[in-house]
Every structure is written in C-alpha cells, then in structure tokens.
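What follows is one structure encoded as structure tokens, with my remarks underneath.
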There are 2 protein chains.
Amino acid sequence: MRTLDLSITSPPSSSRYCCRCGILSDLGNLLEEAELKGPFFIVSNPTVGPVYGRRVKESLEDRGIAFSYSEVPDGEIHKNLLEARRLYERMMDAGLNRQSTVIALGGGVIGDLAGFAAATYMRGIPHIFIPTTLLAQVDASIGGKVAVDHGRAKNIVGSFHHPRLIISDPEVLSTLERRQWASGFAEIIKSAAIASASLFEVLEKHSLTHFEEDYTSLEEIIYEVACIKSSIVGADPFEKNVRAHLNFGHTLGHALESVTAYRRYLHGEAVAIGMRGAAMIAVELGFLQPSVAERIDELLSRYSLSLSLGTIDEEKILEALMLDKKRGLHNVKFVLLKNLEDPMVTDLVPSDLIRSVIRRLKSQ
Amino acid sequence: MRTLDLSITSPPSSSRYCCRCGILSDLGNLLEEAELKGPFFIVSNPTVGPVYGRRVKESLEDRGIAFSYSEVPDGEIHKNLLEARRLYERMMDAGLNRQSTVIALGGGVIGDLAGFAAATYMRGIPHIFIPTTLLAQVDASIGGKVAVDHGRAKNIVGSFHHPRLIISDPEVLSTLERRQWASGFAEIIKSAAIASASLFEVLEKHSLTHFEEDYTSLEEIIYEVACIKSSIVGADPFEKNVRAHLNFGHTLGHALESVTAYRRYLHGEAVAIGMRGAAMIAVELGFLQPSVAERIDELLSRYSLSLSLGTIDEEKILEALMLDKKRGLHNVKFVLLKNLEDPMVTDLVPSDLIRSVIRRLKSQ
C-alpha cells in the first residue's frame, strides 16, 4: 500500500477583546488598527439595529469606510439555515470577497448566525462581534463558537471561528431589560463559581442594582469574566477537556430551554436553575459542602435568578437530557463543583439522582 | 481601553492518503488502525452506492463495525444547502455524536457535500473519503476543501476540513466512462504542468488507453499526483499563496462551467480548455515559449481533451470571469506558466487579451 501523510498546521489565529464605556464610537479606528479590510457587511436585527446601528454606521462613514447593512429577524427561532442562506445571498449581492469582514451587531443569536455565515462564506472570511447584551459580552462573544439550530437540536450545525475583534461597550447595556441583566449575571456567577472565588466574593458584596448604576464596576466585571473565559478557551480551544467546565449549569439548562422551546427562560435563567441542580447533585454525591451550595443559591437569588421549574414535565426534561449533544455515548455529562474554583466533569450521575433533583427543583 | 488578546493555536490535523488496487476491501482494518470511532455514517449516491456500497458495508460488517447508510441524489445540482440539511437530519436520526465518523463514498460532489456536513455537524466531526472517480482520487480528495453551491455561485459555502483517511482504490475506476477518465487526466496533466516536468514527459510517452489497461502504472500515477497536490497544500493549507497554482486552467474553466450551468463540460474538460487558454495568454504576454504551449496542447489532445468552445457567448464568459470568487478586488486572477514547473499568479491580464483568446478558442 502506498501511503502519504499530510500534516496540516494552522497558523495561530488571534482574537482581540476590547472593552470600554463609549468604545462603540471608536469602531472605525479599531477596524483600521486591526487592518481589517472592506467591504464590510453589518448584520443586526430590528431590535438592536435602530438603536445602535446609527452609531456604528457613523463611525465607519467618518473614516470613509464602505459597508453594507443587513437585518435578520430577532430571536433564537430565526437562528437557522434558512436565515444563513439569506445572508449568503446578501453577502454575494454586496460583493463580499475573501478579504471582506462581517460585523455582527447584536446579542448571542446575531453573533452565532452572522459568525456562522462568516465562517462558511468562501470557506471562511473574518468577522467582528459587537455584543449588545451582557450575556454576549461576557460569554457568547468569546471562544469562537458559531452555529445555527436545526430542527430539535440547538447549535447542531456550526463551526469554530473566532471574531478578529470583540467590541464590548458597557454603555449599550443601558437599554437592556432587567431580565436580560440577570441572565447575563448567571454566566458571570458561573465563571466565578468555576474559576474565581475572589470574583464570587465581590459579587456577594454587591447586587444587580449596583452594577446597573455603576458602569465603572460593570466594565471591570465584564473584563474580568472575559479574562476567565479567554484563559479557559485558550487552554482548550476545541473543547477536548477543560473547556467543558464552562458548561457548569448548562446540562440541565439546555434541557430546560429545549423542553420549553426556548420561550420560557432566557439562557442565563435556565443556566441558573441548572447550576442549582448541579450543586444539589454534587452535594448528594458527597463532592460539595452544603455550605458552598447554599452560597451559590444565595448569590443566584441576590441577582434575581431564583427561578422555579414550575409545571414542566419531569419526564420531558429527562428525555431532553438524553438528546443533549454534549453527552457521551451512554451517559449524560454534568459539570460538578467540588468547591468554588474546582470543577470536574462526570458522566456517572445516577439517573435516579437526576430525577430526584429535578423533583426538588420543581417543589421549591 | 481594556484589551485582551486570545491566540488560538490549533493542533496540527493530519490526513492520510492510502492508495492500492483492491484496498477497498480492507476498509474495516484501516478504520481500526486509524482509531476512528463509530457509529459510522456512509454517504453515497444511487450511481455509486449499488456498485461499491456492498463492498464497503461488508468490510465493516466483517469487523463488527456499526454503521448507517444514506444516499443523496447524484450530480452537482444537488450539492446544495437543502441536501446538506437533509444529511444533518439523517445524522441526528442515526445518533451521530462528536466522536462519530462520516464516510463519503463517491466522486467530488459526494466528497464536498458529505465533507461539508461533517465539517459543520456539531462544529466538526471526522470524515473519511473513498473517491470513486479518477478526478476525485487525484484532486478533490486532497486538500480539505469541502463546500456546497448556492444560487449562481459554486462552492460559495464551505470550509476547510481534511478527511482523516483517503482510500484510493484504482480498481473502482474500471466502471468509469471514458469521458470521466479524460476529465481526471486533465487534473493529472495540470499537476504535471505546474510541478513535474518528468511526470509531464511520462504522460507524453503514454496515452489514456495505456493507463486504462495497466493498473500498476495507473496506481503509480495516482500516487505521484497525490504527492504533488499534498506537498502544495501542505505548504499553504488555506490558499494564501502557492496553493493558488493548483488553479492553473481553472479561471477560465470555472467560467465555462458556470456559463454552461455545469451541464456541458465535466470539470476536467473545462479545465483543459482553461489550460489551453492560459497557455495562449502566457505566450501572448511573452512569458511562455510557444513550443511549451504546443506540448501542452498536444498532451491534452493525446488524452482526449481537445475540446471546443463551440457556440458559447463570449460576453457571458467574460461576465462569469468577473464573478469568479478567486478574483481579487478588481482584476481577474490567472495562473500562468513561465515554463513547465514554473507557475505564477497574476491579475494583470488585459481584458482585450482575454477576449481575443476566447475568440481563438472558439474558432478552433
């Protein structure tokens, strides 16, 4: 047999996260500094576009930078192949070539959809992300995961494609609803729980209102959480090991989102319930001190994340857990804490225990 | 401004090309040796599946390897997002997870479509490719380009995703039509022209019939061309520079395929005309000795690749050239030879010269 081995070494790709109050107006500068080339193609939605699109456009126009602007409908339900296809068409119409850059302006849905289109258009063109929700600023914008949903499966079709630039402007959060703030804080609490006991303590000293009012503290927190996620992603870009720790609270969280068709809970809200469930499981298995589980519970309440499972059918949740794409071949994978800053991944949680924890979450 | 730089280093990925007469029956072994895990998902089409599917399935069954089998309709026209979507659904139904492997059994269309589905399912799962055309054995199977077409643009949606294994069995070519053989030889001649004068001379000494009858010589040639492509791809996996040399004959070739809606010419046939056109351009610009252009012409004729442009509207060809996605911002990029083994890329070919060369190709 004649064999031939081809080893493909990719040049390291880089992603720069920039955070500052008011940074949005500096976009034109930042694009030039990053040596990104046009034509640029801005993707937003009818909710965010009318509010922040103008500032983005003006910043480009001031520098004489050419761009096209396009909106996709708002909401997870539109993060699908059909909308990706429409984007490809508009990208062709706009004459985008391999040197062009996509600018995603919006929350996680826009980041995922526009990022996926950029990842696959002409086998990948650069994109930048301007996250306009707290959740996207601290979580979705970092790590290069882009995807669309298909049928019953969330993010089933996707790629790893890091934005060249992430432009995080805390000031754009001023127009967010309170639920959106809380949803973002769920991921902030998650990051603190798995990787920074000191951040956890800072959060324990404050509350949602403090950060909503003090943009200096908010900027600090956003940057710190971005650093945590970056360092985990940098250690394991393709989720072969430690990156899975970022899924603390997500096993049950994803199942809840799926069972409720992504309508009842915001992502962070579902993750908050998932973190409480994972903490209960870890306590029951003897990994985690009940006092730490209580601190997690209290911190979630402090940030308006004390949510109920209500009337959701427990069997449906179990079914959805089995379909979670992060499971291995047989068992459902959970991220459990042994302590703050000390997560582990296991697929050996007995199904009876999962069931009883779901019941406890329902009865609260 | 707080900034944070994340540098993403991908581990080198590897792709092994295996070539031998009769190797297809060894598939089960090869999968085990490569430590690829199931469940496996075979993708073929109604033309190839009934002929070679059984041998593939038996080889897996012999080893007790679990798999699912799926067919997509035959032809470039089905290499689109709709079929990719159907594949995702069947992949979900078959319970494929991140450890599963897709097996593409067919020509370049199957390789592109099933490869794209593998590249994007769960952000990328492994795939192997069993090319069943000469063209795919020497060209499409190597280099990791996977894609689907959309609207007027070929391969506009895609990715780089190298098959873990490429299983090239010259024996499966015995069922190919003669036009398919010739089409494969167009890419063989292209590789010789840009990278191996000695291979070019070997080809000049033989003919299509020789290789159709002598599988030992055929295996040697296939392997040699695979080595040429591998070394170029290895030097430039993401087509930033020298990989573009592989597009010798493809600028005009792609335009001809596009103008004739991929119906009139097989890929290699269009590339053959493109190579003749590119040789004429290089001679006119004074880069290439007329005698070398003549040798290319004669070699193409020798392998039944002396094709006419016939009645195709010259203006439409020019239009299609402008839409070729490999063009830079302004001008059309051509790969021109200065000599055998000495290609260069230029976007400075005057449009009048392109026009006159198209006229000459039409009049022949």
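Each chain of the structure tokens is named A, B, ... in the order shown, its residues numbered from 1; ligands are numbered from 1 in display order.
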
Subject >> Residue hits in chain A, query chain B, radius 6 Å, only C-alpha atoms, as a ChimeraX atom specification >> reply: /A:1-9,12-20,120-123,156-159

**OP:** Write out as a PyMOL selection string each polymer residue whose atoms come within 12 Å of A:Val51, counting only C-alpha atoms; drop sequence neighbours fewer than 3 positions from it.
**Re:** chain A and resi 44-48+54-57+105-106+132+172-176

Since we have the selection now, will you write its residues out, keeping all heavy atoms, as a short mmCIF file (atom, residue, chain, number, x, y, z; two decimals), in the first residue's frame?
data_model
loop_
_atom_site.label_atom_id
_atom_site.label_comp_id
_atom_site.auth_asym_id
_atom_site.auth_seq_id
_atom_site.Cartn_x
_atom_site.Cartn_y
_atom_site.Cartn_z
N SER A 44 -27.41 43.02 11.75
CA SER A 44 -28.05 43.32 13.02
C SER A 44 -29.50 42.82 12.97
O SER A 44 -29.84 42.02 12.09
CB SER A 44 -27.98 44.81 13.32
OG SER A 44 -28.32 45.06 14.66
N ASN A 45 -30.32 43.26 13.90
CA ASN A 45 -31.73 42.86 13.86
C ASN A 45 -32.61 44.09 14.12
O ASN A 45 -32.10 45.14 14.48
CB ASN A 45 -31.99 41.71 14.84
CG ASN A 45 -31.83 42.14 16.29
OD1 ASN A 45 -32.16 43.26 16.66
ND2 ASN A 45 -31.30 41.24 17.11
N PRO A 46 -33.92 43.95 13.91
CA PRO A 46 -34.79 45.13 14.01
C PRO A 46 -34.90 45.68 15.43
O PRO A 46 -35.46 46.77 15.63
CB PRO A 46 -36.16 44.61 13.54
CG PRO A 46 -35.87 43.35 12.81
CD PRO A 46 -34.65 42.76 13.45
N THR A 47 -34.41 44.95 16.42
CA THR A 47 -34.45 45.46 17.79
C THR A 47 -33.21 46.32 18.08
O THR A 47 -33.31 47.44 18.60
CB THR A 47 -34.48 44.28 18.80
OG1 THR A 47 -35.46 43.34 18.37
CG2 THR A 47 -34.79 44.76 20.20
N VAL A 48 -32.05 45.78 17.75
CA VAL A 48 -30.79 46.45 18.07
C VAL A 48 -30.41 47.49 17.00
O VAL A 48 -29.94 48.59 17.32
CB VAL A 48 -29.65 45.41 18.19
CG1 VAL A 48 -28.30 46.10 18.33
CG2 VAL A 48 -29.91 44.47 19.37
N ARG A 54 -26.97 53.21 13.99
CA ARG A 54 -26.56 54.53 13.52
C ARG A 54 -25.14 54.88 13.99
O ARG A 54 -24.31 55.37 13.22
CB ARG A 54 -27.55 55.60 14.01
CG ARG A 54 -27.18 57.01 13.58
CD ARG A 54 -28.11 58.03 14.22
NE ARG A 54 -29.50 57.80 13.78
CZ ARG A 54 -30.07 58.48 12.77
NH1 ARG A 54 -29.37 59.38 12.10
NH2 ARG A 54 -31.32 58.24 12.44
N ARG A 55 -24.86 54.58 15.28
CA ARG A 55 -23.55 54.92 15.82
C ARG A 55 -22.44 54.14 15.09
O ARG A 55 -21.37 54.67 14.80
CB ARG A 55 -23.50 54.64 17.32
CG ARG A 55 -22.60 55.65 18.02
CD ARG A 55 -22.49 55.40 19.51
NE ARG A 55 -23.76 55.49 20.21
CZ ARG A 55 -23.92 55.13 21.49
NH1 ARG A 55 -22.89 54.64 22.19
NH2 ARG A 55 -25.10 55.24 22.08
N VAL A 56 -22.75 52.88 14.81
CA VAL A 56 -21.79 52.03 14.10
C VAL A 56 -21.56 52.58 12.69
O VAL A 56 -20.43 52.76 12.24
CB VAL A 56 -22.30 50.58 14.04
CG1 VAL A 56 -21.49 49.74 13.07
CG2 VAL A 56 -22.28 49.96 15.43
N LYS A 57 -22.67 52.88 12.01
CA LYS A 57 -22.55 53.38 10.63
C LYS A 57 -21.79 54.70 10.59
O LYS A 57 -20.92 54.90 9.74
CB LYS A 57 -23.94 53.57 10.02
CG LYS A 57 -24.70 52.28 9.76
CD LYS A 57 -26.08 52.61 9.19
CE LYS A 57 -27.00 51.40 9.25
NZ LYS A 57 -28.39 51.79 8.95
N LEU A 105 -23.68 42.82 14.95
CA LEU A 105 -24.09 43.80 15.95
C LEU A 105 -25.38 43.30 16.61
O LEU A 105 -26.45 43.37 16.03
CB LEU A 105 -24.34 45.16 15.28
CG LEU A 105 -24.95 46.27 16.13
CD1 LEU A 105 -23.98 46.76 17.19
CD2 LEU A 105 -25.39 47.46 15.25
N GLY A 106 -25.27 42.76 17.81
CA GLY A 106 -26.45 42.23 18.49
C GLY A 106 -26.06 41.32 19.63
O GLY A 106 -24.93 41.36 20.12
N THR A 132 -24.29 43.24 22.20
CA THR A 132 -25.12 44.28 22.79
C THR A 132 -25.93 43.79 23.98
O THR A 132 -26.81 44.49 24.46
CB THR A 132 -26.08 44.88 21.73
OG1 THR A 132 -26.86 43.80 21.20
CG2 THR A 132 -25.31 45.56 20.62
N VAL A 172 -23.88 50.26 26.01
CA VAL A 172 -25.03 49.80 25.22
C VAL A 172 -25.98 48.96 26.06
O VAL A 172 -27.11 48.70 25.66
CB VAL A 172 -24.62 48.98 23.95
CG1 VAL A 172 -23.66 49.77 23.07
CG2 VAL A 172 -24.04 47.63 24.31
N LEU A 173 -25.52 48.54 27.26
CA LEU A 173 -26.39 47.71 28.10
C LEU A 173 -27.49 48.55 28.78
O LEU A 173 -28.43 48.00 29.34
CB LEU A 173 -25.55 46.98 29.16
CG LEU A 173 -24.37 46.17 28.60
CD1 LEU A 173 -23.63 45.47 29.73
CD2 LEU A 173 -24.85 45.15 27.56
N SER A 174 -27.36 49.88 28.69
CA SER A 174 -28.34 50.74 29.38
C SER A 174 -29.75 50.52 28.87
O SER A 174 -30.72 50.81 29.57
CB SER A 174 -27.95 52.21 29.21
OG SER A 174 -28.00 52.55 27.84
N THR A 175 -29.90 50.00 27.66
CA THR A 175 -31.26 49.80 27.13
C THR A 175 -31.79 48.39 27.40
O THR A 175 -32.87 48.04 26.94
CB THR A 175 -31.28 50.05 25.61
OG1 THR A 175 -30.21 49.31 25.00
CG2 THR A 175 -31.10 51.52 25.28
N LEU A 176 -31.02 47.57 28.14
CA LEU A 176 -31.46 46.19 28.40
C LEU A 176 -32.55 46.12 29.47
O LEU A 176 -32.55 46.90 30.42
CB LEU A 176 -30.29 45.35 28.92
CG LEU A 176 -29.26 44.79 27.96
CD1 LEU A 176 -28.37 43.82 28.71
CD2 LEU A 176 -29.92 44.10 26.77
#

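Near A:Arg302, within 10 Å and counting only C-alpha atoms, sit Ala182, Leu203, Glu204, Lys205, His206, Ser207, Leu208, Ile296, Asp297, Glu298, Leu299, Leu305 and Ser306 of chain A, not including residues fewer than 3 positions from it in the same chain.
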
Store the residues picked out above in a file with C-alpha atoms, as a PDB file, in the first residue's frame.
ATOM      1  CA  ALA A 182     -29.964  38.929  35.348  1.00  0.00           C
ATOM      2  CA  LEU A 203     -20.454  39.512  43.630  1.00  0.00           C
ATOM      3  CA  GLU A 204     -21.643  38.531  47.094  1.00  0.00           C
ATOM      4  CA  LYS A 205     -20.901  42.069  48.317  1.00  0.00           C
ATOM      5  CA  HIS A 206     -22.924  43.772  45.605  1.00  0.00           C
ATOM      6  CA  SER A 207     -26.188  43.332  43.731  1.00  0.00           C
ATOM      7  CA  LEU A 208     -27.695  43.784  40.297  1.00  0.00           C
ATOM      8  CA  ILE A 296     -24.399  29.596  45.179  1.00  0.00           C
ATOM      9  CA  ASP A 297     -28.129  29.548  45.867  1.00  0.00           C
ATOM     10  CA  GLU A 298     -27.994  32.821  47.736  1.00  0.00           C
ATOM     11  CA  LEU A 299     -25.879  34.538  45.111  1.00  0.00           C
ATOM     12  CA  LEU A 305     -32.099  34.322  39.487  1.00  0.00           C
ATOM     13  CA  SER A 306     -34.215  32.375  41.935  1.00  0.00           C
TER      14      SER A 306
END

**OP:** Enumerate the residues of stretch 1-223 of chain B with a DSSP assignment of helix (DSSP H, G or I), computed from the backbone, and present them as an MDAnalysis selection string.
**Re:** chainID B and resid 23:33 49:62 76:78 81:93 108:120 134:140 170:175 178:195 197:205 208:213 215:223

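With atom CA of A:Ala293 on one side and atom CA of A:Val225 on the other, the separation reads 21.0 Å.
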
Original post:
Could you pull the residues within 9 Å of A:Ile65, counting only C-alpha atoms, minus those fewer than 5 positions along the same chain, as a PyMOL selection string?
Top reply: chain A and resi 28+38-40+59-60

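Picture a line from atom CA of A:Leu309 to atom CA of A:Leu361; it runs 6.2 Å.
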
**OP:** Might you pull out every residue within 9 Å of A:Ser363, with only C-alpha atoms counted and same-chain residues fewer than 5 positions away left off, and present them as a list in words?
**Re:** Ser308, Leu309, Gly310 and Ile358 of chain A

Keeping only all heavy atoms, write the selected residues to a file as a tab-separated table (two decimals), in the first residue's frame.
chain	number	residue	atom	x	y	z
A	308	SER	N	-38.22	29.20	39.28
A	308	SER	CA	-38.88	27.93	39.54
A	308	SER	C	-38.97	27.09	38.27
A	308	SER	O	-39.00	27.60	37.15
A	308	SER	CB	-40.28	28.23	40.08
A	308	SER	OG	-41.16	27.23	39.70
A	309	LEU	N	-39.01	25.79	38.47
A	309	LEU	CA	-39.23	24.87	37.36
A	309	LEU	C	-40.71	24.77	37.03
A	309	LEU	O	-41.09	24.31	35.96
A	309	LEU	CB	-38.75	23.47	37.75
A	309	LEU	CG	-37.37	23.09	37.30
A	309	LEU	CD1	-37.14	21.62	37.53
A	309	LEU	CD2	-37.23	23.38	35.81
A	310	GLY	N	-41.54	25.18	38.00
A	310	GLY	CA	-42.98	25.19	37.77
A	310	GLY	C	-43.52	23.85	37.33
A	310	GLY	O	-43.17	22.80	37.87
A	358	ILE	N	-34.49	16.96	40.00
A	358	ILE	CA	-35.50	17.69	39.22
A	358	ILE	C	-36.76	17.87	40.05
A	358	ILE	O	-37.38	18.94	40.07
A	358	ILE	CB	-35.79	16.97	37.88
A	358	ILE	CG1	-34.55	17.06	36.98
A	358	ILE	CG2	-36.99	17.57	37.17
A	358	ILE	CD1	-34.63	16.22	35.71

**OP:** Measuring atom to atom with only C-alpha atoms, identify which of B:Thr216, B:Leu252, B:Arg355, B:Arg86 is nearest to B:Lys333.
**Re:** B:Leu252

**OP:** Identify, with DSSP run on backbone atoms, the residues in stretch 59-286 of chain A assigned to strand (DSSP E), and express the list as a ChimeraX atom specification.
**Re:** /A:67-71,101-106,127-131,145-150,153-160,165-168

Subject >> Atomic separation - atom CA of A:Gly49 relative to atom CA of A:Pro73, Å >> reply: 10.7 Å

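Shortest separation to A:Gly53 among A:Ile103, A:Leu87, A:Glu35, A:Ile77 occurs at residue A:Ile103, atoms counted being only C-alpha atoms.
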